[in-house]
Amino acid sequence: MTLSRRNFLGLTAAGALLPRQLLALSPEDAAKRKFLFVYCKGGWDTTYCFAPEFQNSLIDMEGDATTAVEGGITFVDHETRPAVRSFFERYGASTAVINGIEVRSIAHEKAQQLAFTGAASPGYDDWPTIIAHYGGSGLQLPHVNVSGPTYSANFQESVVRLGSAGQLSSLLTGTNISGATIPVTLPSSAIQVLEDQFVLGRASAGNRQFDSSYSTVLNNLNMFSSVSENIELTSGSNLDERLSTVLDCFEMGLSRCGIVQYDGLQDLGWDTHGGNEVQGWHYEELFGALLNVMESLEQRVGPTGQALSEEVCVVVFSEMGRHPKLNSTRGKDHWTFTSAMLCGSGVDGGRVIGGYDDQFYGQSIDLASGELFGSGSKLSDKHFGATLLAMAGVDWQEFSGGMAPITGIIRP
Amino acid sequence: MIFSSAMILFACSGVEVEEPESTGLVQLEGGRLLRRISLDIRGVVPSLEELEQASISSESLEEMWPLWLEDPRFEERLVDLFAEQWLTRVDDYNVTYLDFKLDESSEYEFLRSVGEEPLRLIANVIANDLPYSEIATADYMYSTEFLSEIWPISREASVGESGDEWGLSSWTDDRPSAGVLASNGLWWRYYTTPFNYNRGRSSAVTRLLLCEDYLERPVKFTEAPALLDEGDTENAIKSSESCMACHTTLDPMASALFGFWWYEIYDPAEMSRYHADREPLGESILGVAPEFFGIPVSGLGELGQALTLDPRFKQCAVQTAATMFWRRHVSLVDFVRLSDLREEFESTGLNYKALVESIMRGEVYRAGGFTEDVGEATEAREEVSRIMSPEMLSSAVLDLTGFEWLEGGWEQLESDRTGFRVLAGGLDGVGVTQPSRGPSLTWALVVKRLAQGAAYHAVTGDYEGEGPSLISAGVGVSPGDPNFELELERLFLRLFGREVTSDEKASYSEFFSVVEAEGSQEAAWRSIISVMLRDPEFVSY
């Protein structure tokens with residue numbers, strides 16, 4: 001779905017409709033845009049990267065860290081994190097950091113649901129699933145889930161999971177069933193094709209919604225099976241491999257969205273109630289992988305003939321932040337305010353949007369400009385989602401509970 | 001949306017509530033209805049004899065199916081259905097089989113035994129026609145021999161010889177009688193970090209048993225006073241109106257759970273035993289005595305009793321049952337229906353089987369299509385074609401073909417480590433907490449492989465004179481033989497719950513002939529079974 005009369009009016013009412021925003025929602029650009037979601041599960045400590053709050057004595061900052069500015073991004077620099085510095089040096093100009101997003105929960109499961117869907121109750125689809133649903137028609141793997149959660153209450157046909165042990169690959173080849181405890185010999189390829197066609201015919205002939213959905217996924221499956229030999233669908237043994245799998249899907253024109261969950265260095269996790277210093281290790285590995293992603297996007301060409309860097313937006317986020325003060329075990333507990341980072345296609349980069357006040361609460365901004373604005377909008381997970389949907393050309397009003405996008409960071 | 005007590009008040013305040021729509025839904029009948037009921041109660045499709053008997057009259061159909069509630073397979077279905085709500089059947093806990101010095105081959109049994117322990121108690125209470133309130137007051141539990149070797153459990157002598165069987169048992173560590181609230185499986189899934197002090201567990205209790213999810217309420221730090229200094233958070237919980245709105249009721253419940261509070265959350269010994277000596281810690285740490293919404297309780301045992309006396313407990317039982325069997329969330333639109341069901345539930349002394357029977361007699365449960373003038377809201381809301389869950393697929397296919405998709409002892413449709421539970425639309429209890437409502441690419445692929453495996457197993461068995469005789473009349477015959485059509489008629493009735501049409505006979509015959517020419521007669525029968533098990537009419541119900 002592209003710019004509609006409804007969201008046009010909504011933007012006007014929100015005072016957000018400026019020439020640059022109109023251009024930002026250009027249906028042509030938005031509909032082509034792809035999204036790589038990198039989810040840092042557990043709740044990251046924004047003071048290790050996005051929130052250089054050294055001037056606030058109430059906040060426990062990392063020792064030996066300093067404030068630095070590269071590519072227009074102000075960030076927390078540390079000698080043990082050269083990858084973070086390199087990333088902003090090279091890609092800061094196409095990166096926007098959003099600080100002070102409120103997620104309204106300090107329970108992991110619920111905060112995760114909020115960050116992904118903007119809703120605390122069940123029955124909602126997450127941002128990538130919605131984007132894939134509305135812009136993934138004709139794609140075989142509209143939203144490819146390499147690892148991490150997916151909320152797909154209504155658009156489940158848009159989501160394809162690889163499985164934590166690469167189960168999708170073994171399903172495609174049939175090695176899992178032929179290797180089952182009860183011995184099975186699969187039919188010949190020719191017979192399998194006949195079977196597939198027969199089942200598709202039965203589903204296509206049905207007149208129920210179920211039949212229609214089934215028919216769609218069978219069509220996708222048949223098309224995908226024919227190209228799957230050319231792609232290694234692995235859930236990967238490390239972050240680089242997982243991210244690369246999504247990029248492969250983008251390059252082959254299979255997907256519009258992809259998600260990878262990052263559990264930190266050696267899967268130690270971001271939920272550092274103790275030993276908070278591992279946050280620094282996680283950021284270093286994360287940004288090292290993001291550097292590789294950005295380089296790879298520049299080198300890869302998508303089906304449209306453009307470099308993928310022109311089409312892909314990388315979305316990096318976590319379900320919550322961490323308390324500004326260290327606890328008795330040198331860790332930090334949960335905090336409802338967090339940050340997110342967008343990089344690449346459609347991002348008006350070199351900017352840090354929002355901020356944290358003296359109590360480490362999120363500050364209000366003017367959505368249209370992205371500047372701090374006292375009587376502006378307090379950023380929430382819904383603003384975050386609406387921004388992504390707007391960048392994707394999806395009617396965000398249907399899914400963001402009326403919260404408007406941060407049009408100020410969408411590149412004309 | 002969860003149907004909450006707030007909505008009841010809203011409804012009772014005179015505000016007009018949308019009446020349940022009695023129009024717009026086409027009801028399932030005959031074999032298709034019997035099939036849905038059988039799959040929901042027993043996890044298998046009806047036998048040919050049952051379908052033939054049901055075809056005599058609707059009265060004979062309606063007399064037949066309630067008896068299935070006494071079938072042992074209903075208990076298994078309840079475990080699957082409650083697993084969708086309680087989310088305890090996960091693939092990871094804080095400890096593993098290695099912590100108990102068990103062999104790797106025990107891992108699957110370890111995970112499933114732990115995850116199903118609370119669910120088995122619930123299922124047994126229901127199956128044994130006990131008041132549903134026993135789930136939170138019982139002084140017994142259910143275990144396997146395996147569990148009794150790793151946890152402080154005594155199994156009753158009457159338990160069958162097979163150690164795999166779940167049997168009546170009791171805890172031997174003097175934990176209070178509180179049914180599932182005294183369950184290790186529940187608290188292993190809903191563990192508490194040392195500084196959360198059981199608050200998350202309190203929230204889980206109210207979500208599961210009262211349908212009140214504290215976590216759906218927004219947490220607004222900005223409405224609290226400053227939270228940066230040491231002790232600020234604990235002070236805010238006791239003084240800030242914003243925080244107190246939840247914590248005044250949440251914390252006293254948490255205070256009653258300290259017998260399950262672990263000093264070390266990765267210690268198997270800590271996690272396996274109840275710690276009666278820690279019960280007083282609740283009051284000293286949280287600063288509040290154990291209570292249930294203002295009612296003082298002496299501890300966990302009385303908490304369970306108080307909980308079952310709360311009107312929300314009965315309401316929640318009804319909502320949960322409706323969610324499970326309607327295959328959708330309940331909403332304000334269901335107010336009247338749910339109220340009627342609750343009244344019936346109470347009138348039977350909280351007999352859950354009677355509740356299930358009432359639900360299954362209702363028009364929402366039996367909806368199989370829409371009329372032409374159906375409203376958009378009804379069409380978007382109602383599940384008239386329900387997708388089979390991975391567990392249901394597994395049991396139905398096993399019953400029909402004798403095929404069970406196992407690998408290394410792991411049931412592949414009921415796990416995710418190497419299996420396909422989530423890919424097949426199921427939930428893992430953590431990352432995926434809602435069952436899928438429709439087909440996906442991976443679901444279709446799992447179904448395809450399952451069907452191929454089952455077809456190979458069944459037809460090979462039939463041709464070799466072994467197995468469950470799925471195509472006994474079809475062995476050795478091809479299109480043109482009267483037995484071929486006879487077999488198609490039987491298969492259609494058994495698998496789809498309806499008669500085959502002449503067009504369908506023709507298309508299946510043609511398909512058979514093409515495959516036979518490509519392979520063999522036996523291969524063609526395998527393909528027939530395979531495509532039927534993948535058919536939209538088989539995989540939906």
# chains A, B, ... in the order shown; residues from 1 in each chain; ligands from 1
$ residues_around --residues "Ile122 (chain B)" --least-positions-apart "3" --cutoff "12 Å" --atoms "only C-alpha atoms" --output "JSON, numbers by chain"
{"B": [75, 76, 77, 78, 79, 80, 81, 82, 83, 86, 116, 117, 118, 119, 125, 126, 127, 128, 129, 130, 131, 132, 133, 134, 135, 136, 137, 138, 140, 141, 142, 179, 180, 181, 183, 186, 209, 317, 352]}
$ write_last_selection --atoms "N, CA and C atoms" --output "JSON list (two decimals), in the first residue's frame"
[["chain", "number", "residue", "atom", "x", "y", "z"],
["B", 75, "GLU", "N", -7.59, -36.23, 27.08],
["B", 75, "GLU", "CA", -6.59, -35.74, 28.04],
["B", 75, "GLU", "C", -5.34, -35.25, 27.30],
["B", 76, "GLU", "N", -4.94, -35.99, 26.30],
["B", 76, "GLU", "CA", -3.76, -35.58, 25.53],
["B", 76, "GLU", "C", -4.02, -34.27, 24.79],
["B", 77, "ARG", "N", -5.22, -34.16, 24.25],
["B", 77, "ARG", "CA", -5.56, -32.91, 23.56],
["B", 77, "ARG", "C", -5.55, -31.73, 24.52],
["B", 78, "LEU", "N", -6.05, -31.96, 25.72],
["B", 78, "LEU", "CA", -6.06, -30.88, 26.71],
["B", 78, "LEU", "C", -4.64, -30.41, 27.02],
["B", 79, "VAL", "N", -3.72, -31.35, 27.09],
["B", 79, "VAL", "CA", -2.33, -30.97, 27.33],
["B", 79, "VAL", "C", -1.84, -30.06, 26.20],
["B", 80, "ASP", "N", -2.14, -30.44, 24.96],
["B", 80, "ASP", "CA", -1.73, -29.60, 23.82],
["B", 80, "ASP", "C", -2.39, -28.23, 23.86],
["B", 81, "LEU", "N", -3.67, -28.22, 24.17],
["B", 81, "LEU", "CA", -4.41, -26.95, 24.15],
["B", 81, "LEU", "C", -3.98, -26.03, 25.28],
["B", 82, "PHE", "N", -3.80, -26.60, 26.46],
["B", 82, "PHE", "CA", -3.35, -25.76, 27.57],
["B", 82, "PHE", "C", -1.90, -25.32, 27.38],
["B", 83, "ALA", "N", -1.13, -26.10, 26.65],
["B", 83, "ALA", "CA", 0.25, -25.67, 26.35],
["B", 83, "ALA", "C", 0.25, -24.37, 25.55],
["B", 86, "TRP", "N", -0.52, -21.81, 28.49],
["B", 86, "TRP", "CA", 0.40, -21.73, 29.63],
["B", 86, "TRP", "C", 1.86, -21.59, 29.21],
["B", 116, "GLU", "N", 5.35, -30.38, 30.65],
["B", 116, "GLU", "CA", 3.99, -30.87, 30.72],
["B", 116, "GLU", "C", 3.52, -31.14, 32.15],
["B", 117, "GLU", "N", 4.42, -31.07, 33.10],
["B", 117, "GLU", "CA", 4.03, -31.42, 34.48],
["B", 117, "GLU", "C", 2.82, -30.63, 34.97],
["B", 118, "PRO", "N", 2.79, -29.30, 34.86],
["B", 118, "PRO", "CA", 1.58, -28.59, 35.30],
["B", 118, "PRO", "C", 0.37, -28.88, 34.41],
["B", 119, "LEU", "N", 0.63, -29.08, 33.12],
["B", 119, "LEU", "CA", -0.47, -29.31, 32.18],
["B", 119, "LEU", "C", -1.16, -30.64, 32.45],
["B", 125, "VAL", "N", -7.42, -33.25, 36.15],
["B", 125, "VAL", "CA", -8.56, -32.70, 36.90],
["B", 125, "VAL", "C", -9.79, -32.68, 36.01],
["B", 126, "ILE", "N", -9.60, -32.24, 34.79],
["B", 126, "ILE", "CA", -10.73, -32.16, 33.85],
["B", 126, "ILE", "C", -11.22, -33.56, 33.46],
["B", 127, "ALA", "N", -10.27, -34.41, 33.12],
["B", 127, "ALA", "CA", -10.65, -35.76, 32.67],
["B", 127, "ALA", "C", -11.37, -36.55, 33.76],
["B", 128, "ASN", "N", -11.02, -36.29, 35.00],
["B", 128, "ASN", "CA", -11.62, -37.01, 36.12],
["B", 128, "ASN", "C", -12.87, -36.32, 36.68],
["B", 129, "ASP", "N", -13.38, -35.35, 35.94],
["B", 129, "ASP", "CA", -14.62, -34.66, 36.32],
["B", 129, "ASP", "C", -14.54, -34.00, 37.69],
["B", 130, "LEU", "N", -13.37, -33.57, 38.06],
["B", 130, "LEU", "CA", -13.22, -32.85, 39.33],
["B", 130, "LEU", "C", -13.49, -31.37, 39.10],
["B", 131, "PRO", "N", -13.89, -30.68, 40.14],
["B", 131, "PRO", "CA", -14.11, -29.23, 39.96],
["B", 131, "PRO", "C", -12.82, -28.57, 39.46],
["B", 132, "TYR", "N", -12.97, -27.70, 38.48],
["B", 132, "TYR", "CA", -11.80, -27.09, 37.85],
["B", 132, "TYR", "C", -10.93, -26.35, 38.87],
["B", 133, "SER", "N", -11.55, -25.92, 39.96],
["B", 133, "SER", "CA", -10.79, -25.19, 40.98],
["B", 133, "SER", "C", -9.67, -26.03, 41.59],
["B", 134, "GLU", "N", -9.76, -27.35, 41.40],
["B", 134, "GLU", "CA", -8.71, -28.20, 41.98],
["B", 134, "GLU", "C", -7.35, -27.93, 41.35],
["B", 135, "ILE", "N", -7.35, -27.31, 40.19],
["B", 135, "ILE", "CA", -6.05, -27.07, 39.56],
["B", 135, "ILE", "C", -5.17, -26.16, 40.41],
["B", 136, "ALA", "N", -5.79, -25.37, 41.28],
["B", 136, "ALA", "CA", -4.99, -24.47, 42.12],
["B", 136, "ALA", "C", -5.05, -24.83, 43.60],
["B", 137, "THR", "N", -5.66, -25.99, 43.90],
["B", 137, "THR", "CA", -5.76, -26.38, 45.32],
["B", 137, "THR", "C", -5.31, -27.82, 45.57],
["B", 138, "ALA", "N", -5.09, -28.58, 44.52],
["B", 138, "ALA", "CA", -4.84, -30.02, 44.67],
["B", 138, "ALA", "C", -3.64, -30.31, 45.56],
["B", 140, "TYR", "N", -2.03, -33.07, 45.21],
["B", 140, "TYR", "CA", -1.35, -34.12, 44.44],
["B", 140, "TYR", "C", -0.83, -33.53, 43.14],
["B", 141, "MET", "N", -0.10, -34.31, 42.42],
["B", 141, "MET", "CA", 0.37, -33.89, 41.09],
["B", 141, "MET", "C", 0.46, -35.13, 40.22],
["B", 142, "TYR", "N", 0.87, -34.94, 38.99],
["B", 142, "TYR", "CA", 1.06, -36.08, 38.09],
["B", 142, "TYR", "C", 2.50, -36.09, 37.61],
["B", 179, "GLY", "N", -1.95, -27.18, 43.90],
["B", 179, "GLY", "CA", -2.09, -27.59, 42.51],
["B", 179, "GLY", "C", -0.95, -27.11, 41.63],
["B", 180, "VAL", "N", -1.30, -26.48, 40.52],
["B", 180, "VAL", "CA", -0.26, -26.02, 39.59],
["B", 180, "VAL", "C", 0.61, -24.92, 40.19],
["B", 181, "LEU", "N", 0.11, -24.23, 41.19],
["B", 181, "LEU", "CA", 0.91, -23.18, 41.81],
["B", 181, "LEU", "C", 2.08, -23.77, 42.60],
["B", 183, "SER", "N", 3.82, -26.21, 41.34],
["B", 183, "SER", "CA", 4.43, -27.04, 40.29],
["B", 183, "SER", "C", 5.82, -26.56, 39.93],
["B", 186, "LEU", "N", 5.87, -25.15, 36.23],
["B", 186, "LEU", "CA", 5.40, -23.77, 36.04],
["B", 186, "LEU", "C", 6.48, -22.76, 36.40],
["B", 209, "LEU", "N", -4.60, -17.50, 35.29],
["B", 209, "LEU", "CA", -5.76, -17.98, 36.06],
["B", 209, "LEU", "C", -6.87, -16.94, 36.23],
["B", 317, "ALA", "N", -11.60, -19.15, 33.18],
["B", 317, "ALA", "CA", -11.67, -20.54, 32.70],
["B", 317, "ALA", "C", -12.53, -20.62, 31.45],
["B", 352, "TYR", "N", -15.38, -28.95, 33.73],
["B", 352, "TYR", "CA", -14.81, -28.40, 32.50],
["B", 352, "TYR", "C", -15.28, -29.15, 31.26]]
$ residues_around --residues "Leu355 (chain B)" --least-positions-apart "5" --cutoff "9 Å" --atoms "only C-alpha atoms" --output "list in words"
Val318, Ala321, Leu341, Arg342, Glu344, Phe345, Thr348, Leu350 and Met360 of chain B
$ atom_distance --atom1 "CA of Leu239 (chain A)" --atom2 "CA of Glu70 (chain A)"
24.7 Å
$ residues_around --residues "region 445-459 of chain B" --least-positions-apart "6" --cutoff "8 Å" --atoms "only C-alpha atoms" --output "PyMOL selection string"
(chain A and resi 171-172+174+177-178+182-187+221) or (chain B and resi 397-398+401-405+420+423-424+467-471+522+525-527+529-531+533-534)
$ atom_distance --atom1 "CA of Ala444 (chain B)" --atom2 "CA of Val159 (chain A)"
12.3 Å
$ closest_residue --among "B:Leu427, B:Leu309, B:Ala473, B:Met253" --to "chain A" --atoms "only C-alpha atoms"
B:Leu427
$ decode --residues "region 186-210 of chain A" --atoms "N, CA and C atoms" --output "PDB file, in the first residue's frame"
ATOM      1  N   LEU A 186      11.549 -41.205  -0.476  1.00  0.00           N
ATOM      2  CA  LEU A 186      10.751 -40.164  -1.133  1.00  0.00           C
ATOM      3  C   LEU A 186      10.430 -40.555  -2.577  1.00  0.00           C
ATOM      4  N   PRO A 187       9.322 -40.060  -3.097  1.00  0.00           N
ATOM      5  CA  PRO A 187       9.020 -40.309  -4.504  1.00  0.00           C
ATOM      6  C   PRO A 187      10.063 -39.651  -5.406  1.00  0.00           C
ATOM      7  N   SER A 188      10.086 -40.070  -6.666  1.00  0.00           N
ATOM      8  CA  SER A 188      11.016 -39.451  -7.613  1.00  0.00           C
ATOM      9  C   SER A 188      10.656 -37.977  -7.782  1.00  0.00           C
ATOM     10  N   SER A 189      11.605 -37.219  -8.299  1.00  0.00           N
ATOM     11  CA  SER A 189      11.351 -35.786  -8.509  1.00  0.00           C
ATOM     12  C   SER A 189      10.150 -35.572  -9.410  1.00  0.00           C
ATOM     13  N   ALA A 190      10.056 -36.385 -10.435  1.00  0.00           N
ATOM     14  CA  ALA A 190       8.945 -36.226 -11.385  1.00  0.00           C
ATOM     15  C   ALA A 190       7.605 -36.446 -10.683  1.00  0.00           C
ATOM     16  N   ILE A 191       7.546 -37.456  -9.851  1.00  0.00           N
ATOM     17  CA  ILE A 191       6.287 -37.723  -9.141  1.00  0.00           C
ATOM     18  C   ILE A 191       5.997 -36.613  -8.131  1.00  0.00           C
ATOM     19  N   GLN A 192       7.048 -36.115  -7.500  1.00  0.00           N
ATOM     20  CA  GLN A 192       6.818 -35.009  -6.552  1.00  0.00           C
ATOM     21  C   GLN A 192       6.228 -33.790  -7.260  1.00  0.00           C
ATOM     22  N   VAL A 193       6.690 -33.540  -8.457  1.00  0.00           N
ATOM     23  CA  VAL A 193       6.136 -32.407  -9.216  1.00  0.00           C
ATOM     24  C   VAL A 193       4.661 -32.652  -9.499  1.00  0.00           C
ATOM     25  N   LEU A 194       4.340 -33.876  -9.869  1.00  0.00           N
ATOM     26  CA  LEU A 194       2.930 -34.203 -10.129  1.00  0.00           C
ATOM     27  C   LEU A 194       2.084 -34.006  -8.871  1.00  0.00           C
ATOM     28  N   GLU A 195       2.622 -34.455  -7.765  1.00  0.00           N
ATOM     29  CA  GLU A 195       1.897 -34.302  -6.493  1.00  0.00           C
ATOM     30  C   GLU A 195       1.692 -32.815  -6.171  1.00  0.00           C
ATOM     31  N   ASP A 196       2.758 -32.044  -6.323  1.00  0.00           N
ATOM     32  CA  ASP A 196       2.663 -30.610  -6.017  1.00  0.00           C
ATOM     33  C   ASP A 196       1.589 -29.936  -6.875  1.00  0.00           C
ATOM     34  N   GLN A 197       1.595 -30.294  -8.144  1.00  0.00           N
ATOM     35  CA  GLN A 197       0.613 -29.682  -9.055  1.00  0.00           C
ATOM     36  C   GLN A 197      -0.809 -30.083  -8.673  1.00  0.00           C
ATOM     37  N   PHE A 198      -0.963 -31.323  -8.276  1.00  0.00           N
ATOM     38  CA  PHE A 198      -2.304 -31.796  -7.930  1.00  0.00           C
ATOM     39  C   PHE A 198      -2.834 -31.074  -6.682  1.00  0.00           C
ATOM     40  N   VAL A 199      -1.981 -30.956  -5.688  1.00  0.00           N
ATOM     41  CA  VAL A 199      -2.412 -30.281  -4.448  1.00  0.00           C
ATOM     42  C   VAL A 199      -2.698 -28.804  -4.731  1.00  0.00           C
ATOM     43  N   LEU A 200      -1.849 -28.187  -5.534  1.00  0.00           N
ATOM     44  CA  LEU A 200      -2.081 -26.783  -5.889  1.00  0.00           C
ATOM     45  C   LEU A 200      -3.418 -26.628  -6.614  1.00  0.00           C
ATOM     46  N   GLY A 201      -3.702 -27.557  -7.488  1.00  0.00           N
ATOM     47  CA  GLY A 201      -4.977 -27.508  -8.209  1.00  0.00           C
ATOM     48  C   GLY A 201      -6.157 -27.623  -7.259  1.00  0.00           C
ATOM     49  N   ARG A 202      -6.038 -28.490  -6.284  1.00  0.00           N
ATOM     50  CA  ARG A 202      -7.119 -28.654  -5.304  1.00  0.00           C
ATOM     51  C   ARG A 202      -7.298 -27.374  -4.480  1.00  0.00           C
ATOM     52  N   ALA A 203      -6.184 -26.782  -4.057  1.00  0.00           N
ATOM     53  CA  ALA A 203      -6.285 -25.556  -3.248  1.00  0.00           C
ATOM     54  C   ALA A 203      -6.847 -24.408  -4.089  1.00  0.00           C
ATOM     55  N   SER A 204      -6.406 -24.333  -5.328  1.00  0.00           N
ATOM     56  CA  SER A 204      -6.853 -23.232  -6.195  1.00  0.00           C
ATOM     57  C   SER A 204      -8.337 -23.341  -6.517  1.00  0.00           C
ATOM     58  N   ALA A 205      -8.834 -24.560  -6.526  1.00  0.00           N
ATOM     59  CA  ALA A 205     -10.244 -24.761  -6.864  1.00  0.00           C
ATOM     60  C   ALA A 205     -11.172 -24.470  -5.687  1.00  0.00           C
ATOM     61  N   GLY A 206     -10.607 -24.379  -4.499  1.00  0.00           N
ATOM     62  CA  GLY A 206     -11.440 -24.136  -3.317  1.00  0.00           C
ATOM     63  C   GLY A 206     -11.930 -22.702  -3.269  1.00  0.00           C
ATOM     64  N   ASN A 207     -12.987 -22.482  -2.527  1.00  0.00           N
ATOM     65  CA  ASN A 207     -13.534 -21.121  -2.469  1.00  0.00           C
ATOM     66  C   ASN A 207     -13.489 -20.525  -1.067  1.00  0.00           C
ATOM     67  N   ARG A 208     -12.734 -21.170  -0.189  1.00  0.00           N
ATOM     68  CA  ARG A 208     -12.608 -20.618   1.157  1.00  0.00           C
ATOM     69  C   ARG A 208     -11.369 -19.729   1.228  1.00  0.00           C
ATOM     70  N   GLN A 209     -11.331 -18.853   2.226  1.00  0.00           N
ATOM     71  CA  GLN A 209     -10.158 -18.022   2.441  1.00  0.00           C
ATOM     72  C   GLN A 209      -8.942 -18.911   2.693  1.00  0.00           C
ATOM     73  N   PHE A 210      -9.161 -19.990   3.412  1.00  0.00           N
ATOM     74  CA  PHE A 210      -8.060 -20.914   3.699  1.00  0.00           C
ATOM     75  C   PHE A 210      -7.465 -21.451   2.400  1.00  0.00           C
TER      76      PHE A 210
END
